[in-house]
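Report on the structure given below.
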Amino acid sequence: GLSDGRASEAGIYQDALRAYDFLVQELGVPATRIVIQGHSLGGVVAAVVAAQRPVAGLILEATFARADDLARRHFFWLPTRWLWRHKFSLDPYLNSLKMPKLVVHGGRDGIVPLTLGQRLFAALPEPKEFFLIPEADHDDLDSSGGEEYYRRLQEFCRQVAEKNLAN
């Protein structure tokens, strides 16, 4: 577009935090009504925002905990740990993610293998739940999951809303 500067990991996080701040400060959306959802790399960005701002819940779809794990999977013959400039790592933020979390992953994900989604889930603190869509690839969680996909997301959001109303 017409933006100045260069894209960076820090810039992506700043933009996402600004979007959150706009919702809360300018539009008056209560933090107790915000469920952040991110897909793939966007899941890392969503989790970073959720670690730094109050939210009701977090939905991570086809997400990984560290970009270098993903890079090693796809470029195993390269020293990716030294070549990879962007960290996109949730390690510094994991303990801050105390809100309810729903991790959604496809059993046939060819981009972010299921094992990386399971590793992310294992590293997340409670409360959390895992929703596996066995036939889904990376970008078809909704169509492969069908009604069950939408039902699970709605149920998660409903539970988070009820919990916040009770508090």
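A note on labels: chains of the structure tokens are A, B, ... as shown, every chain counts residues from 1, and ligands are counted from 1 in their shown order.
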Mind listing the alpha helix (DSSP H) residues of stretch 13-125 of chain A, per DSSP on the backbone, as a CSV table (one decimal) with N, CA and C atoms, in the first residue's frame?
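In the end it all went to selection-v1.csv:
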```csv
chain,number,residue,atom,x,y,z
A,13,TYR,N,3.6,-6.6,15.6
A,13,TYR,CA,3.0,-6.6,17.0
A,13,TYR,C,2.5,-5.3,17.4
A,14,GLN,N,3.2,-4.2,17.0
A,14,GLN,CA,2.7,-2.8,17.3
A,14,GLN,C,1.4,-2.6,16.6
A,15,ASP,N,1.3,-3.0,15.4
A,15,ASP,CA,0.0,-2.7,14.7
A,15,ASP,C,-1.2,-3.5,15.3
A,16,ALA,N,-0.9,-4.7,15.7
A,16,ALA,CA,-2.0,-5.5,16.4
A,16,ALA,C,-2.4,-4.9,17.7
A,17,LEU,N,-1.4,-4.4,18.5
A,17,LEU,CA,-1.7,-3.8,19.7
A,17,LEU,C,-2.5,-2.5,19.5
A,18,ARG,N,-2.1,-1.7,18.5
A,18,ARG,CA,-2.9,-0.5,18.2
A,18,ARG,C,-4.3,-0.8,17.8
A,19,ALA,N,-4.5,-1.9,17.0
A,19,ALA,CA,-5.9,-2.3,16.7
A,19,ALA,C,-6.7,-2.6,17.9
A,20,TYR,N,-6.1,-3.4,18.9
A,20,TYR,CA,-6.7,-3.7,20.1
A,20,TYR,C,-7.0,-2.4,20.9
A,21,ASP,N,-6.1,-1.5,21.0
A,21,ASP,CA,-6.3,-0.2,21.7
A,21,ASP,C,-7.4,0.6,21.1
A,41,LEU,N,0.7,-17.8,11.4
A,41,LEU,CA,1.5,-16.7,12.0
A,41,LEU,C,0.7,-15.7,12.7
A,42,GLY,N,-0.5,-15.5,12.3
A,42,GLY,CA,-1.5,-14.6,13.0
A,42,GLY,C,-1.8,-15.0,14.4
A,43,GLY,N,-1.7,-16.4,14.6
A,43,GLY,CA,-1.9,-16.9,15.9
A,43,GLY,C,-0.8,-16.4,16.9
A,44,VAL,N,0.4,-16.4,16.4
A,44,VAL,CA,1.5,-15.9,17.2
A,44,VAL,C,1.2,-14.4,17.6
A,45,VAL,N,0.8,-13.6,16.6
A,45,VAL,CA,0.6,-12.2,16.8
A,45,VAL,C,-0.6,-12.1,17.8
A,46,ALA,N,-1.7,-12.8,17.6
A,46,ALA,CA,-2.8,-12.8,18.5
A,46,ALA,C,-2.4,-13.1,20.0
A,47,ALA,N,-1.6,-14.1,20.1
A,47,ALA,CA,-1.1,-14.5,21.5
A,47,ALA,C,-0.2,-13.4,22.1
A,48,VAL,N,0.6,-12.8,21.3
A,48,VAL,CA,1.4,-11.7,21.9
A,48,VAL,C,0.5,-10.6,22.4
A,49,VAL,N,-0.5,-10.2,21.6
A,49,VAL,CA,-1.5,-9.2,22.0
A,49,VAL,C,-2.2,-9.6,23.3
A,50,ALA,N,-2.6,-10.9,23.3
A,50,ALA,CA,-3.4,-11.4,24.5
A,50,ALA,C,-2.5,-11.5,25.7
A,51,ALA,N,-1.2,-11.6,25.5
A,51,ALA,CA,-0.3,-11.6,26.7
A,51,ALA,C,0.0,-10.2,27.2
A,52,GLN,N,-0.3,-9.2,26.4
A,52,GLN,CA,0.0,-7.8,26.8
A,52,GLN,C,-1.2,-6.9,27.1
A,67,ALA,N,8.7,-19.8,15.3
A,67,ALA,CA,8.9,-19.9,13.9
A,67,ALA,C,10.1,-20.7,13.5
A,68,ASP,N,11.2,-20.8,14.3
A,68,ASP,CA,12.3,-21.6,14.0
A,68,ASP,C,12.0,-23.1,13.9
A,69,ASP,N,11.1,-23.5,14.8
A,69,ASP,CA,10.6,-24.9,14.7
A,69,ASP,C,10.0,-25.2,13.3
A,70,LEU,N,9.2,-24.3,12.9
A,70,LEU,CA,8.5,-24.4,11.6
A,70,LEU,C,9.6,-24.4,10.5
A,71,ALA,N,10.5,-23.4,10.5
A,71,ALA,CA,11.5,-23.3,9.5
A,71,ALA,C,12.4,-24.6,9.4
A,72,ARG,N,12.7,-25.2,10.6
A,72,ARG,CA,13.5,-26.4,10.6
A,72,ARG,C,12.7,-27.6,9.9
A,73,ARG,N,11.4,-27.6,10.1
A,73,ARG,CA,10.6,-28.6,9.5
A,73,ARG,C,10.6,-28.5,8.0
A,74,HIS,N,10.6,-27.3,7.4
A,74,HIS,CA,10.5,-27.1,6.0
A,74,HIS,C,11.8,-27.0,5.3
A,80,THR,N,18.7,-23.1,10.0
A,80,THR,CA,17.7,-22.1,10.1
A,80,THR,C,17.8,-21.2,11.3
A,81,ARG,N,18.3,-21.8,12.4
A,81,ARG,CA,18.4,-21.1,13.7
A,81,ARG,C,19.2,-19.8,13.5
A,82,TRP,N,20.2,-19.9,12.6
A,82,TRP,CA,21.1,-18.7,12.4
A,82,TRP,C,20.7,-17.9,11.2
A,83,LEU,N,20.0,-18.5,10.3
A,83,LEU,CA,19.5,-17.7,9.1
A,83,LEU,C,18.2,-17.0,9.4
A,114,LEU,N,0.8,-31.0,12.6
A,114,LEU,CA,0.1,-31.3,13.8
A,114,LEU,C,1.0,-31.3,15.0
A,115,THR,N,2.1,-31.9,14.9
A,115,THR,CA,3.0,-32.1,16.1
A,115,THR,C,3.4,-30.7,16.6
A,116,LEU,N,3.5,-29.7,15.8
A,116,LEU,CA,3.9,-28.3,16.3
A,116,LEU,C,2.7,-27.7,17.0
A,117,GLY,N,1.5,-28.0,16.5
A,117,GLY,CA,0.3,-27.5,17.2
A,117,GLY,C,0.1,-28.2,18.5
A,118,GLN,N,0.4,-29.5,18.6
A,118,GLN,CA,0.4,-30.2,19.9
A,118,GLN,C,1.4,-29.7,20.8
A,119,ARG,N,2.6,-29.4,20.3
A,119,ARG,CA,3.7,-28.8,21.2
A,119,ARG,C,3.3,-27.5,21.7
A,120,LEU,N,2.6,-26.7,20.9
A,120,LEU,CA,2.1,-25.4,21.4
A,120,LEU,C,1.1,-25.6,22.5
A,121,PHE,N,0.2,-26.5,22.3
A,121,PHE,CA,-0.9,-26.8,23.2
A,121,PHE,C,-0.3,-27.2,24.6
A,122,ALA,N,0.7,-28.1,24.5
A,122,ALA,CA,1.3,-28.6,25.7
A,122,ALA,C,2.0,-27.5,26.5
A,123,ALA,N,2.6,-26.5,25.8
A,123,ALA,CA,3.3,-25.4,26.5
A,123,ALA,C,2.4,-24.4,27.1
```
Legend entry - DSSP strand (DSSP E) selection over stretch 107-156 of chain A, as a PyMOL selection string: chain A and resi 128-133
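Using only C-alpha atoms, the shortest contact distance between A:Val103 and any of A:Val55, A:Ile34, A:Ala65, A:Leu132 is found at A:Leu132.
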Legend entry - Close residues, stretch 109-112 of chain A itself excluded, 8 Å, only C-alpha atoms, min 5 positions apart in chain, as number ranges by chain: A: 40, 62-64, 70, 117, 136-138
Legend entry - Residue among A:Phe88, A:Leu27, A:Gln37, A:Lys128 lying closest to A:Ile12, counting only C-alpha atoms: A:Phe88
Can I get the residues of stretch 108-135 of chain A within 12 Å of stretch 150-153 of chain A, each with the closest pair of atoms and their distance in Å to one decimal, using only C-alpha atoms, sorted chain first then ascending number, as a tab-separated table?
```
residue	atom	partner	partner_atom	distance
A:Glu129	CA	A:Arg152	CA	10.5
A:Phe130	CA	A:Arg152	CA	10.4
A:Phe131	CA	A:Arg152	CA	8.1
A:Leu132	CA	A:Arg152	CA	10.9
A:Ile133	CA	A:Arg152	CA	11.1
```
File of the preceding selection, N, CA, C and O atoms, as a compact mmCIF listing (two decimals), in the first residue's frame:
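Resulting contents of result-v1.txt:
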```txt
# COMPACT_ATOMS: atom_id res chain seq x y z
N GLU A 129 -8.16 -25.85 25.71
CA GLU A 129 -8.74 -27.03 25.09
C GLU A 129 -8.21 -27.16 23.67
O GLU A 129 -7.86 -26.16 23.04
N PHE A 130 -8.15 -28.39 23.20
CA PHE A 130 -7.63 -28.69 21.87
C PHE A 130 -8.75 -29.25 21.02
O PHE A 130 -9.47 -30.13 21.46
N PHE A 131 -8.89 -28.72 19.81
CA PHE A 131 -9.90 -29.19 18.87
C PHE A 131 -9.19 -29.63 17.61
O PHE A 131 -8.69 -28.81 16.85
N LEU A 132 -9.14 -30.93 17.39
CA LEU A 132 -8.51 -31.51 16.20
C LEU A 132 -9.57 -31.75 15.14
O LEU A 132 -10.62 -32.34 15.41
N ILE A 133 -9.27 -31.29 13.94
CA ILE A 133 -10.12 -31.58 12.78
C ILE A 133 -9.29 -32.52 11.90
O ILE A 133 -8.41 -32.08 11.15
```
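If you measure from each of A:Ala7, A:Leu58, A:Leu97, A:Val104 to A:Tyr149 using only C-alpha atoms, the closest one turns out to be A:Val104.
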Inset, instruction - Compare A:Pro92, A:Gly28, A:Gly106, A:Gly11 by their minimum atom-to-atom distance to A:Leu60, counting only C-alpha atoms, and give me the closest one. - result: A:Gly106
